[in-house]
file upload20.csv (CSV, C-alpha atoms and all ligand atoms)
chain,number,residue,atom,x,y,z
A,1,MET,CA,16.4,2.4,24.8
A,2,SER,CA,19.2,5.0,25.4
A,3,SER,CA,18.3,7.7,22.8
A,4,LYS,CA,14.7,8.2,21.8
A,5,ILE,CA,13.9,7.3,18.2
A,6,SER,CA,10.9,9.2,16.8
A,7,LEU,CA,8.6,7.7,14.1
A,8,THR,CA,10.1,10.2,11.7
A,9,ARG,CA,13.6,9.1,12.3
A,10,TYR,CA,12.6,5.4,12.2
A,11,LEU,CA,11.0,5.9,8.8
A,12,VAL,CA,13.9,7.9,7.4
A,13,GLU,CA,16.3,5.2,8.6
A,14,GLN,CA,14.2,2.5,7.1
A,15,GLN,CA,14.2,4.4,3.8
A,16,ARG,CA,18.0,4.8,4.0
A,17,ILE,CA,19.0,1.3,5.2
A,18,ASP,CA,16.7,-0.8,3.1
A,19,GLY,CA,15.6,1.6,0.4
A,20,HIS,CA,12.3,-0.1,0.4
A,21,ILE,CA,10.2,2.7,1.8
A,22,PRO,CA,10.0,5.3,-1.1
A,23,SER,CA,9.7,8.9,0.2
A,24,GLU,CA,6.1,9.0,-0.9
A,25,LEU,CA,5.2,6.1,1.3
A,26,ARG,CA,7.2,7.6,4.2
A,27,LEU,CA,5.2,10.8,3.8
A,28,LEU,CA,1.9,8.9,3.7
A,29,LEU,CA,2.7,7.0,6.9
A,30,GLU,CA,3.7,10.3,8.7
A,31,VAL,CA,0.4,11.8,7.6
A,32,VAL,CA,-1.6,8.8,8.9
A,33,ALA,CA,0.3,9.0,12.2
A,34,ARG,CA,-0.5,12.8,12.4
A,35,ALA,CA,-4.2,12.0,11.8
A,36,CYS,CA,-4.1,9.4,14.5
A,37,LYS,CA,-2.6,11.9,16.9
A,38,SER,CA,-5.5,14.2,16.2
A,39,ILE,CA,-8.1,11.4,16.6
A,40,SER,CA,-6.4,10.5,19.9
A,41,GLN,CA,-7.0,14.1,21.1
A,42,ALA,CA,-10.7,13.9,20.2
A,43,VAL,CA,-11.0,10.5,21.9
A,44,ASN,CA,-9.3,11.9,25.1
A,45,LYS,CA,-11.7,14.8,25.3
A,46,GLY,CA,-14.7,12.5,25.4
A,47,ALA,CA,-17.8,14.1,26.9
A,48,LEU,CA,-15.9,17.4,27.3
A,49,GLY,CA,-15.4,17.6,23.5
A,50,GLY,CA,-19.0,16.6,22.7
A,51,VAL,CA,-17.7,13.6,20.8
A,52,LEU,CA,-19.6,10.8,22.4
A,53,GLY,CA,-22.9,9.2,21.3
A,54,THR,CA,-24.4,8.4,18.0
A,55,ALA,CA,-24.4,10.5,14.8
A,56,GLY,CA,-27.9,9.4,13.8
A,57,SER,CA,-26.8,7.8,10.6
A,58,GLU,CA,-26.0,4.3,9.3
A,59,ASN,CA,-23.0,3.1,7.2
A,60,VAL,CA,-23.1,0.9,4.2
A,61,GLN,CA,-23.1,-2.2,6.4
A,62,GLY,CA,-26.2,-1.0,8.2
A,63,GLU,CA,-24.4,-0.2,11.4
A,64,VAL,CA,-25.3,2.9,13.4
A,65,GLN,CA,-22.5,5.4,13.1
A,66,LYS,CA,-21.1,7.0,16.3
A,67,LYS,CA,-20.0,10.7,16.2
A,68,LEU,CA,-16.4,9.5,16.6
A,69,ASP,CA,-16.7,7.2,13.6
A,70,ILE,CA,-17.5,10.2,11.4
A,71,ILE,CA,-15.0,12.5,13.1
A,72,ALA,CA,-12.2,10.0,12.7
A,73,ASN,CA,-13.1,9.4,9.0
A,74,GLU,CA,-13.1,13.1,8.3
A,75,VAL,CA,-9.7,13.6,10.1
A,76,LEU,CA,-8.1,10.8,8.0
A,77,ILE,CA,-9.5,12.2,4.7
A,78,GLU,CA,-8.6,15.8,5.4
A,79,ALA,CA,-5.1,14.9,6.5
A,80,ASN,CA,-4.4,12.7,3.5
A,81,GLU,CA,-6.1,14.2,0.5
A,82,TRP,CA,-3.8,17.1,-0.3
A,83,GLY,CA,-0.3,15.6,0.1
A,84,GLY,CA,0.0,14.2,-3.4
A,85,HIS,CA,0.9,10.7,-2.3
A,86,LEU,CA,-2.5,9.1,-2.8
A,87,ALA,CA,-4.8,8.2,-5.7
A,88,ALA,CA,-7.8,7.3,-3.6
A,89,MET,CA,-9.0,6.2,-0.1
A,90,ALA,CA,-11.6,3.7,1.1
A,91,SER,CA,-13.2,3.4,4.5
A,92,GLU,CA,-15.6,1.4,6.6
A,93,GLU,CA,-17.6,4.6,6.9
A,94,MET,CA,-17.9,5.4,3.2
A,95,ASP,CA,-20.1,3.4,0.7
A,96,SER,CA,-17.6,3.8,-2.2
A,97,ILE,CA,-14.1,4.9,-2.7
A,98,TYR,CA,-13.0,8.5,-2.2
A,99,VAL,CA,-10.9,9.7,-5.2
A,100,VAL,CA,-8.5,12.5,-4.4
A,101,PRO,CA,-10.1,15.7,-5.8
A,102,ASN,CA,-8.7,17.1,-9.0
A,103,ARG,CA,-7.5,20.3,-7.2
A,104,TYR,CA,-4.8,18.2,-5.6
A,105,PRO,CA,-1.9,16.3,-7.1
A,106,LYS,CA,-2.3,12.6,-7.2
A,107,GLY,CA,0.0,9.8,-6.2
A,108,GLU,CA,0.1,6.0,-6.8
A,109,TYR,CA,-0.9,4.8,-3.3
A,110,LEU,CA,-4.3,3.6,-2.1
A,111,LEU,CA,-5.2,4.0,1.6
A,112,LEU,CA,-7.9,1.9,3.3
A,113,PHE,CA,-9.0,2.4,6.9
A,114,ASP,CA,-11.4,1.5,9.7
A,115,PRO,CA,-11.3,5.0,11.1
A,116,LEU,CA,-12.6,4.0,14.5
A,117,ASP,CA,-12.5,0.3,15.5
A,118,GLY,CA,-14.4,-0.9,18.5
A,119,SER,CA,-17.2,1.7,18.2
A,120,SER,CA,-19.3,0.0,20.9
A,121,ASN,CA,-16.6,0.9,23.4
A,122,ILE,CA,-16.4,4.6,22.7
A,123,ASP,CA,-19.0,5.7,25.2
A,124,VAL,CA,-17.9,3.3,27.9
A,125,ASN,CA,-14.3,4.6,27.9
A,126,VAL,CA,-12.7,1.3,26.8
A,127,SER,CA,-9.8,1.1,24.3
A,128,ILE,CA,-10.6,1.8,20.6
A,129,GLY,CA,-8.4,2.4,17.6
A,130,THR,CA,-7.8,3.1,13.9
A,131,ILE,CA,-6.7,0.4,11.5
A,132,PHE,CA,-5.1,1.1,8.1
A,133,SER,CA,-3.8,-0.7,5.1
A,134,VAL,CA,-1.7,0.7,2.1
A,135,LEU,CA,-1.8,-0.7,-1.4
A,136,LYS,CA,-0.2,0.5,-4.6
A,137,LYS,CA,-2.4,1.4,-7.5
A,138,GLY,CA,-2.0,-0.9,-10.5
A,139,ASN,CA,0.0,-3.6,-8.5
A,140,ASP,CA,-1.8,-6.3,-10.5
A,141,ASN,CA,-1.7,-4.4,-13.7
A,142,PRO,CA,1.1,-1.9,-13.8
A,143,THR,CA,0.2,-0.6,-17.3
A,144,MET,CA,-3.3,0.5,-16.2
A,145,VAL,CA,-3.9,4.0,-17.2
A,146,GLU,CA,-7.6,4.4,-16.5
A,147,PRO,CA,-8.8,6.6,-13.6
A,148,VAL,CA,-8.7,4.9,-10.2
A,149,SER,CA,-11.7,2.8,-9.4
A,150,GLU,CA,-12.8,0.2,-6.8
A,151,LYS,CA,-11.2,-2.5,-9.0
A,152,ASP,CA,-7.8,-1.0,-8.1
A,153,PHE,CA,-8.4,-1.7,-4.5
A,154,LEU,CA,-9.4,-5.4,-4.9
A,155,GLN,CA,-5.9,-6.7,-4.3
A,156,ARG,CA,-4.9,-9.6,-2.0
A,157,GLY,CA,-3.6,-8.7,1.4
A,158,SER,CA,-0.2,-10.1,0.4
A,159,GLN,CA,0.1,-7.0,-1.9
A,160,GLN,CA,0.0,-4.5,1.0
A,161,VAL,CA,3.0,-2.2,1.2
A,162,ALA,CA,2.3,-1.0,4.7
A,163,ALA,CA,-0.2,-1.8,7.4
A,164,GLY,CA,-0.9,-0.8,11.0
A,165,TYR,CA,-3.1,0.4,13.7
A,166,CYS,CA,-3.2,3.0,16.4
A,167,VAL,CA,-4.8,2.0,19.7
A,168,TYR,CA,-6.3,4.7,21.9
A,169,GLY,CA,-6.0,3.1,25.3
A,170,PRO,CA,-4.2,3.9,28.6
A,171,GLN,CA,-1.4,4.8,26.1
A,172,THR,CA,-1.8,5.8,22.5
A,173,THR,CA,0.3,3.3,20.6
A,174,LEU,CA,1.0,3.1,16.8
A,175,VAL,CA,1.9,-0.3,15.5
A,176,LEU,CA,3.4,-0.5,12.0
A,177,THR,CA,4.8,-2.9,9.4
A,178,VAL,CA,6.3,-2.1,6.1
A,179,GLY,CA,7.2,-5.8,5.5
A,180,ASP,CA,10.3,-5.8,7.7
A,181,GLY,CA,8.9,-6.9,11.1
A,182,VAL,CA,6.6,-5.0,13.4
A,183,ALA,CA,7.5,-1.9,15.4
A,184,MET,CA,5.5,-0.1,18.1
A,185,PHE,CA,5.6,3.6,18.9
A,186,THR,CA,4.1,5.2,22.0
A,187,LEU,CA,2.7,8.8,21.7
A,188,ASP,CA,4.7,11.2,23.9
A,189,ARG,CA,2.1,13.8,24.6
A,190,GLU,CA,4.6,16.4,25.9
A,191,GLN,CA,6.7,16.1,22.7
A,192,GLY,CA,3.8,15.5,20.4
A,193,SER,CA,5.6,12.7,18.7
A,194,PHE,CA,5.4,8.9,18.4
A,195,VAL,CA,8.5,7.3,20.0
A,196,LEU,CA,9.8,3.8,19.1
A,197,THR,CA,9.2,1.6,22.2
A,198,GLN,CA,9.4,-1.9,20.7
A,199,GLU,CA,11.0,-3.4,17.6
A,200,ASN,CA,11.0,-6.8,16.2
A,201,VAL,CA,7.7,-7.8,17.9
A,202,GLN,CA,7.3,-11.6,18.2
A,203,ILE,CA,4.1,-13.5,19.1
A,204,PRO,CA,4.9,-16.7,21.0
A,205,ALA,CA,3.9,-19.8,19.0
A,206,ASP,CA,2.0,-21.3,22.0
A,207,THR,CA,-0.5,-19.6,24.2
A,208,LYS,CA,-3.0,-20.3,27.0
A,209,GLU,CA,-5.3,-17.4,26.1
A,210,PHE,CA,-8.1,-17.1,23.6
A,211,ALA,CA,-10.4,-14.3,22.5
A,212,ILE,CA,-13.8,-14.9,21.1
A,213,ASN,CA,-17.3,-13.6,21.8
A,214,MET,CA,-18.6,-16.6,23.7
A,215,SER,CA,-22.2,-15.4,23.5
A,216,ASN,CA,-22.2,-16.6,19.9
A,217,MET,CA,-21.2,-20.2,20.8
A,218,ARG,CA,-24.5,-21.7,19.7
A,219,HIS,CA,-24.1,-20.2,16.2
A,220,TRP,CA,-20.5,-21.5,15.6
A,221,ASP,CA,-19.4,-24.1,13.2
A,222,GLU,CA,-18.2,-27.5,14.6
A,223,PRO,CA,-14.4,-26.9,14.3
A,224,VAL,CA,-14.6,-23.7,16.3
A,225,LYS,CA,-16.9,-25.3,18.9
A,226,ARG,CA,-14.5,-28.2,19.2
A,227,TYR,CA,-11.4,-26.0,19.7
A,228,ILE,CA,-13.1,-23.8,22.3
A,229,ASP,CA,-14.6,-26.8,24.1
A,230,GLU,CA,-11.2,-28.4,24.4
A,231,CYS,CA,-9.7,-25.1,25.8
A,232,LEU,CA,-12.6,-24.9,28.3
A,233,GLN,CA,-11.8,-28.5,29.6
A,234,GLY,CA,-8.5,-27.1,30.8
A,235,LYS,CA,-6.0,-29.4,32.6
A,236,GLU,CA,-8.5,-32.3,32.6
A,237,GLY,CA,-9.1,-32.1,28.8
A,238,PRO,CA,-7.1,-33.1,25.7
A,239,ARG,CA,-5.1,-29.9,25.9
A,240,ALA,CA,-3.9,-30.7,29.4
A,241,LYS,CA,-3.6,-27.0,30.4
A,242,ASP,CA,-5.9,-24.3,31.7
A,243,PHE,CA,-6.8,-21.5,29.3
A,244,ASN,CA,-7.7,-17.9,30.1
A,245,MET,CA,-10.2,-15.8,28.1
A,246,ARG,CA,-10.2,-12.1,27.1
A,247,TRP,CA,-12.6,-10.3,24.8
A,248,VAL,CA,-12.4,-6.5,24.6
A,249,ALA,CA,-14.7,-6.2,21.6
A,250,SER,CA,-12.3,-3.8,19.9
A,251,MET,CA,-10.2,-5.8,17.5
A,252,VAL,CA,-7.3,-3.3,17.8
A,253,ALA,CA,-7.1,-3.9,21.6
A,254,ASP,CA,-7.4,-7.7,21.3
A,255,VAL,CA,-4.8,-7.8,18.5
A,256,HIS,CA,-2.6,-5.5,20.5
A,257,ARG,CA,-2.7,-7.9,23.5
A,258,ILE,CA,-1.8,-10.8,21.2
A,259,LEU,CA,1.1,-8.9,19.6
A,260,THR,CA,2.3,-8.1,23.2
A,261,ARG,CA,1.9,-11.5,25.0
A,262,GLY,CA,0.4,-14.0,22.5
A,263,GLY,CA,-3.0,-15.5,22.2
A,264,VAL,CA,-5.5,-16.5,19.6
A,265,PHE,CA,-8.3,-14.2,18.3
A,266,MET,CA,-11.3,-15.5,16.5
A,267,TYR,CA,-14.4,-13.9,14.9
A,268,PRO,CA,-15.5,-16.9,12.9
A,269,TRP,CA,-18.3,-17.4,10.4
A,270,ASP,CA,-21.5,-18.2,12.3
A,271,LYS,CA,-25.0,-19.3,11.5
A,272,ARG,CA,-26.7,-16.0,12.3
A,273,GLU,CA,-26.1,-14.6,8.8
A,274,PRO,CA,-25.1,-17.8,6.9
A,275,ASN,CA,-24.6,-15.9,3.7
A,276,LYS,CA,-21.9,-13.6,5.2
A,277,PRO,CA,-18.5,-15.1,5.8
A,278,GLY,CA,-18.2,-13.4,9.2
A,279,LYS,CA,-18.5,-10.0,10.9
A,280,LEU,CA,-15.1,-8.4,10.2
A,281,ARG,CA,-14.2,-6.7,7.0
A,282,LEU,CA,-11.4,-8.2,4.9
A,283,MET,CA,-9.8,-5.2,3.3
A,284,TYR,CA,-9.4,-2.7,6.2
A,285,GLU,CA,-9.6,-5.0,9.3
A,286,ALA,CA,-8.5,-8.5,8.6
A,287,ASN,CA,-5.8,-7.8,6.0
A,288,PRO,CA,-3.8,-5.2,7.9
A,289,MET,CA,-4.1,-7.2,11.1
A,290,SER,CA,-3.2,-10.5,9.4
A,291,TRP,CA,0.0,-9.0,7.9
A,292,LEU,CA,1.0,-7.5,11.2
A,293,VAL,CA,0.5,-10.8,12.9
A,294,GLU,CA,2.4,-12.7,10.2
A,295,GLN,CA,5.2,-10.2,10.4
A,296,ALA,CA,5.4,-10.9,14.2
A,297,ALA,CA,5.7,-14.7,13.6
A,298,GLY,CA,2.0,-15.4,14.1
A,299,ALA,CA,-0.5,-16.8,11.6
A,300,ALA,CA,-3.9,-15.7,10.2
A,301,THR,CA,-6.5,-17.8,8.4
A,302,ASN,CA,-10.2,-17.9,7.7
A,303,GLY,CA,-10.2,-21.5,8.9
A,304,ARG,CA,-9.4,-22.8,5.4
A,305,GLN,CA,-7.1,-20.4,3.8
A,306,ARG,CA,-4.4,-17.8,4.6
A,307,ILE,CA,-6.2,-14.5,4.9
A,308,LEU,CA,-3.6,-12.6,2.9
A,309,ASP,CA,-4.1,-15.0,-0.1
A,310,ILE,CA,-7.9,-14.2,-0.4
A,311,GLN,CA,-8.8,-12.4,-3.6
A,312,PRO,CA,-11.3,-9.7,-2.6
A,313,THR,CA,-14.3,-9.3,-4.8
A,314,SER,CA,-15.8,-6.2,-3.1
A,315,LEU,CA,-14.6,-3.3,-1.0
A,316,HIS,CA,-16.6,-4.1,2.1
A,317,GLU,CA,-16.6,-7.9,2.0
A,318,ARG,CA,-16.5,-9.8,5.2
A,319,VAL,CA,-14.3,-12.7,6.3
A,320,SER,CA,-14.0,-15.2,9.0
A,321,VAL,CA,-10.9,-14.4,11.1
A,322,ILE,CA,-8.6,-16.7,13.2
A,323,LEU,CA,-5.3,-15.1,14.0
A,324,GLY,CA,-2.5,-15.0,16.6
A,325,SER,CA,-0.1,-17.6,18.1
A,326,LYS,CA,1.0,-19.9,15.2
A,327,ASN,CA,0.4,-23.3,16.8
A,328,GLU,CA,-3.1,-22.4,17.9
A,329,VAL,CA,-4.1,-20.9,14.6
A,330,GLU,CA,-2.7,-24.0,12.8
A,331,ARG,CA,-4.7,-26.3,15.2
A,332,VAL,CA,-8.1,-24.5,14.5
A,333,THR,CA,-7.3,-24.5,10.8
A,334,ALA,CA,-6.6,-28.2,10.9
A,335,TYR,CA,-9.9,-28.8,12.7
A,336,HIS,CA,-11.6,-27.1,9.8
A,337,ALA,CA,-9.9,-29.4,7.3
A,338,LYS,CA,-11.3,-32.5,9.1
A,339,VAL,CA,-15.0,-31.7,8.4
B,401,LIG,P1,-16.2,-1.6,14.3
B,401,LIG,O1,-16.4,-0.8,15.6
B,401,LIG,O2,-15.2,-1.0,13.4
B,401,LIG,O3,-17.5,-1.9,13.6
B,401,LIG,O4,-15.6,-3.0,14.6
B,401,LIG,C1,-16.0,-3.7,15.7
B,401,LIG,C2,-15.6,-5.1,15.5
B,401,LIG,C3,-14.3,-5.5,16.2
B,401,LIG,O5,-13.5,-4.4,16.6
B,401,LIG,C4,-14.6,-6.4,17.3
B,401,LIG,O6,-13.7,-7.4,17.4
B,401,LIG,C5,-16.0,-6.9,17.0
B,401,LIG,O7,-16.6,-5.9,16.2
B,401,LIG,C6,-16.8,-7.0,18.3
B,401,LIG,O8,-18.0,-7.6,18.0
B,401,LIG,P2,-19.0,-8.1,19.1
B,401,LIG,O9,-19.7,-6.8,19.6
B,401,LIG,O10,-20.0,-8.9,18.2
B,401,LIG,O11,-18.3,-8.8,20.1
B,402,MN,MN,-13.6,-2.4,13.1
B,403,MN,MN,-15.1,1.1,12.6

call {"tool": "encode", "arguments": {"input": "upload20.csv", "output": "structure tokens", "more": "lines below"}}
Ligand code: AHG
Ligand code: MN
Ligand code: MN
result
Amino acid sequence: MSSKISLTRYLVEQQRIDGHIPSELRLLLEVVARACKSISQAVNKGALGGVLGTAGSENVQGEVQKKLDIIANEVLIEANEWGGHLAAMASEEMDSIYVVPNRYPKGEYLLLFDPLDGSSNIDVNVSIGTIFSVLKKGNDNPTMVEPVSEKDFLQRGSQQVAAGYCVYGPQTTLVLTVGDGVAMFTLDREQGSFVLTQENVQIPADTKEFAINMSNMRHWDEPVKRYIDECLQGKEGPRAKDFNMRWVASMVADVHRILTRGGVFMYPWDKREPNKPGKLRLMYEANPMSWLVEQAAGAATNGRQRILDIQPTSLHERVSVILGSKNEVERVTAYHAKV
């Protein structure tokens, strides 16, 4: 790339060329990016910044909160609450929605986030990230005049107006879609800005790489067992090729690899908690990642249905996730249809 294009310039040009990023949304995305820069700083300091370890509390899903889960959540709220672009926010780390306080002007957007994804990797210095999804209040009911409530958030993933993540790894990379393909921006620490480093990201339709937590194999459903078993048989099996396996245990890092070189990622339903559809959360993990993957020519289903078509019924609901290279996702989904 001859001249560097900053995230700011990219968003201004998107707004100018297509007119489909209103200035309020552009501001929102800039603010989210700024918050990610600040989280990236905290992550980088690690033990020196006193940010490692647990906070001694639990979130609504009964998971132990790490200090960085709380710090990242606060950074995102403080950065976003005063700008006038949002009506409310929702987060993995907050039981209920956070309505923008009355002392600030309110906008029409809703921001959802997983402030720190891959929490189990924080203390061991492995890639982690922030995932975000943007909806518009009243998308399903434009005449709605009541104060914002959780109901406003319960929109299908296909209604998202922007989605992305920032991965804090060897590089800090922000990955974004506003419905016009996927773009990647690398943080230039000297300049303090995100610089466009890849546009029009495309996931190859075929792959030889899968990502799943194999330790759960005995709990899986038949279609997932069949798919993985066939991959493991390699050249000698029905797939007639050898597969490689990667599992970072940070969805951001696993999805980033898939957007970069292809692959299939699965966190499927399993028998450990049969009443829950899976581990990952629909609204601030599966939906934004599924939209990014689809925008990069991949696919995302829960085994039976396109994730973006699922009507949410609660803020923190979970979902089975199969996403990545299109032909592999279609294969796993077809195996589900046969049982
Ligand atoms: P979070 O840290 O936000 O709770 O998310 C962790 C998720 C996801 O990032 C990852 O794919 C998965 O949990 C890893 O789970 P296992 O530890 O069961 O492999
Ligand atoms: Mn997560
Ligand atoms: Mn998290």

call {"tool": "closest_residue", "arguments": {"input": "upload20.csv", "among": "A:Met94, A:Leu259, A:Ala253, A:Val224", "to": "Val321 in chain A", "atoms": "all atoms listed in the file"}}
result
A:Val224

call {"tool": "closest_residue", "arguments": {"input": "upload20.csv", "among": "A:Pro288, A:Gly129, A:Gly19, A:Pro238", "to": "ligand LIG 401 (chain B)", "atoms": "all atoms listed in the file"}}
result
A:Gly129

call {"tool": "closest_residue", "arguments": {"input": "upload20.csv", "among": "A:Val64, A:Met289, A:Leu174, A:Met217", "to": "Asp188 in chain A", "atoms": "only C-alpha atoms"}}
result
A:Leu174

call {"tool": "residues_near_ligand", "arguments": {"input": "upload20.csv", "ligand": "ligand LIG 401 (chain B)", "cutoff": "6 Å", "atoms": "all atoms listed in the file", "output": "list of chain:residue names"}}
result
A:Asp114, A:Leu116, A:Asp117, A:Gly118, A:Ser119, A:Asn213, A:Ala249, A:Ser250, A:Met251

call {"tool": "closest_residue", "arguments": {"input": "upload20.csv", "among": "A:Lys67, A:Ser149, A:Gly46, A:Lys37", "to": "Ala87 in chain A", "atoms": "all atoms listed in the file"}}
result
A:Ser149

call {"tool": "closest_residue", "arguments": {"input": "upload20.csv", "among": "A:Asp229, A:Glu199, A:Glu285, A:Glu150", "to": "ligand MN 403 (chain B)", "atoms": "all atoms listed in the file"}}
result
A:Glu285

call {"tool": "closest_residue", "arguments": {"input": "upload20.csv", "among": "A:His316, A:His85, A:Arg239, A:Arg218", "to": "Leu112 in chain A", "atoms": "all atoms listed in the file"}}
result
A:His316

call {"tool": "closest_atom_pairs", "arguments": {"input": "upload20.csv", "of": "chain A", "to": "ligand MN 403 (chain B)", "cutoff": "10 Å", "atoms": "all atoms listed in the file", "output": "CSV"}}
result
residue,atom,partner,partner_atom,distance
A:Asn59,CA,B:MN403,MN,9.8
A:Glu63,CA,B:MN403,MN,9.5
A:Gln65,CA,B:MN403,MN,8.6
A:Lys66,CA,B:MN403,MN,9.2
A:Leu68,CA,B:MN403,MN,9.4
A:Asp69,CA,B:MN403,MN,6.4
A:Ile70,CA,B:MN403,MN,9.5
A:Ala72,CA,B:MN403,MN,9.4
A:Asn73,CA,B:MN403,MN,9.3
A:Ser91,CA,B:MN403,MN,8.6
A:Glu92,CA,B:MN403,MN,6.0
A:Glu93,CA,B:MN403,MN,7.1
A:Phe113,CA,B:MN403,MN,8.4
A:Asp114,CA,B:MN403,MN,4.7
A:Pro115,CA,B:MN403,MN,5.6
A:Leu116,CA,B:MN403,MN,4.3
A:Asp117,CA,B:MN403,MN,4.0
A:Gly118,CA,B:MN403,MN,6.3
A:Ser119,CA,B:MN403,MN,6.0
A:Ser120,CA,B:MN403,MN,9.4
A:Ile128,CA,B:MN403,MN,9.2
A:Gly129,CA,B:MN403,MN,8.5
A:Thr130,CA,B:MN403,MN,7.7
A:Ile131,CA,B:MN403,MN,8.5
A:Ser250,CA,B:MN403,MN,9.2
A:Met251,CA,B:MN403,MN,9.8
A:Leu280,CA,B:MN403,MN,9.8
A:Arg281,CA,B:MN403,MN,9.6
A:Tyr284,CA,B:MN403,MN,9.4
A:Glu285,CA,B:MN403,MN,8.9

call {"tool": "residues_around", "arguments": {"input": "upload20.csv", "residues": "Ile212 in chain A", "least_positions_apart": "4", "cutoff": "12 Å", "atoms": "all atoms listed in the file", "output": "JSON, numbers by chain"}}
result
{"A": [216, 217, 220, 224, 225, 227, 228, 231, 244, 245, 246, 247, 248, 249, 250, 251, 254, 255, 263, 264, 265, 266, 267, 268, 269, 321, 322, 323]}

call {"tool": "decode", "arguments": {"input": "upload20.csv", "residues": "range 96-107 of chain A", "atoms": "N, CA and C atoms", "output": "PDB file, in the first residue's frame"}}
result
ATOM      1  N   SER A  96     -27.499  -6.626  33.088  1.00  0.00           N
ATOM      2  CA  SER A  96     -28.551  -6.035  32.246  1.00  0.00           C
ATOM      3  C   SER A  96     -27.979  -4.880  31.429  1.00  0.00           C
ATOM      4  N   ILE A  97     -28.815  -4.283  30.611  1.00  0.00           N
ATOM      5  CA  ILE A  97     -28.314  -3.258  29.692  1.00  0.00           C
ATOM      6  C   ILE A  97     -27.893  -1.997  30.470  1.00  0.00           C
ATOM      7  N   TYR A  98     -26.982  -1.234  29.888  1.00  0.00           N
ATOM      8  CA  TYR A  98     -26.521   0.018  30.468  1.00  0.00           C
ATOM      9  C   TYR A  98     -27.105   1.151  29.628  1.00  0.00           C
ATOM     10  N   VAL A  99     -28.081   1.839  30.202  1.00  0.00           N
ATOM     11  CA  VAL A  99     -28.721   2.941  29.465  1.00  0.00           C
ATOM     12  C   VAL A  99     -27.840   4.179  29.624  1.00  0.00           C
ATOM     13  N   VAL A 100     -27.646   4.912  28.550  1.00  0.00           N
ATOM     14  CA  VAL A 100     -26.825   6.124  28.614  1.00  0.00           C
ATOM     15  C   VAL A 100     -27.456   7.070  29.647  1.00  0.00           C
ATOM     16  N   PRO A 101     -26.671   7.541  30.636  1.00  0.00           N
ATOM     17  CA  PRO A 101     -27.241   8.376  31.697  1.00  0.00           C
ATOM     18  C   PRO A 101     -27.881   9.657  31.138  1.00  0.00           C
ATOM     19  N   ASN A 102     -28.876  10.152  31.871  1.00  0.00           N
ATOM     20  CA  ASN A 102     -29.631  11.316  31.390  1.00  0.00           C
ATOM     21  C   ASN A 102     -28.797  12.577  31.233  1.00  0.00           C
ATOM     22  N   ARG A 103     -27.637  12.625  31.908  1.00  0.00           N
ATOM     23  CA  ARG A 103     -26.806  13.830  31.782  1.00  0.00           C
ATOM     24  C   ARG A 103     -26.151  13.953  30.407  1.00  0.00           C
ATOM     25  N   TYR A 104     -26.224  12.875  29.629  1.00  0.00           N
ATOM     26  CA  TYR A 104     -25.632  12.914  28.280  1.00  0.00           C
ATOM     27  C   TYR A 104     -26.715  12.859  27.213  1.00  0.00           C
ATOM     28  N   PRO A 105     -26.415  13.445  26.027  1.00  0.00           N
ATOM     29  CA  PRO A 105     -27.377  13.302  24.929  1.00  0.00           C
ATOM     30  C   PRO A 105     -27.446  11.845  24.485  1.00  0.00           C
ATOM     31  N   LYS A 106     -28.570  11.461  23.906  1.00  0.00           N
ATOM     32  CA  LYS A 106     -28.731  10.067  23.488  1.00  0.00           C
ATOM     33  C   LYS A 106     -28.875   9.959  21.986  1.00  0.00           C
ATOM     34  N   GLY A 107     -28.369   8.857  21.445  1.00  0.00           N
ATOM     35  CA  GLY A 107     -28.485   8.605  20.013  1.00  0.00           C
ATOM     36  C   GLY A 107     -29.346   7.389  19.765  1.00  0.00           C
TER      37      GLY A 107
END
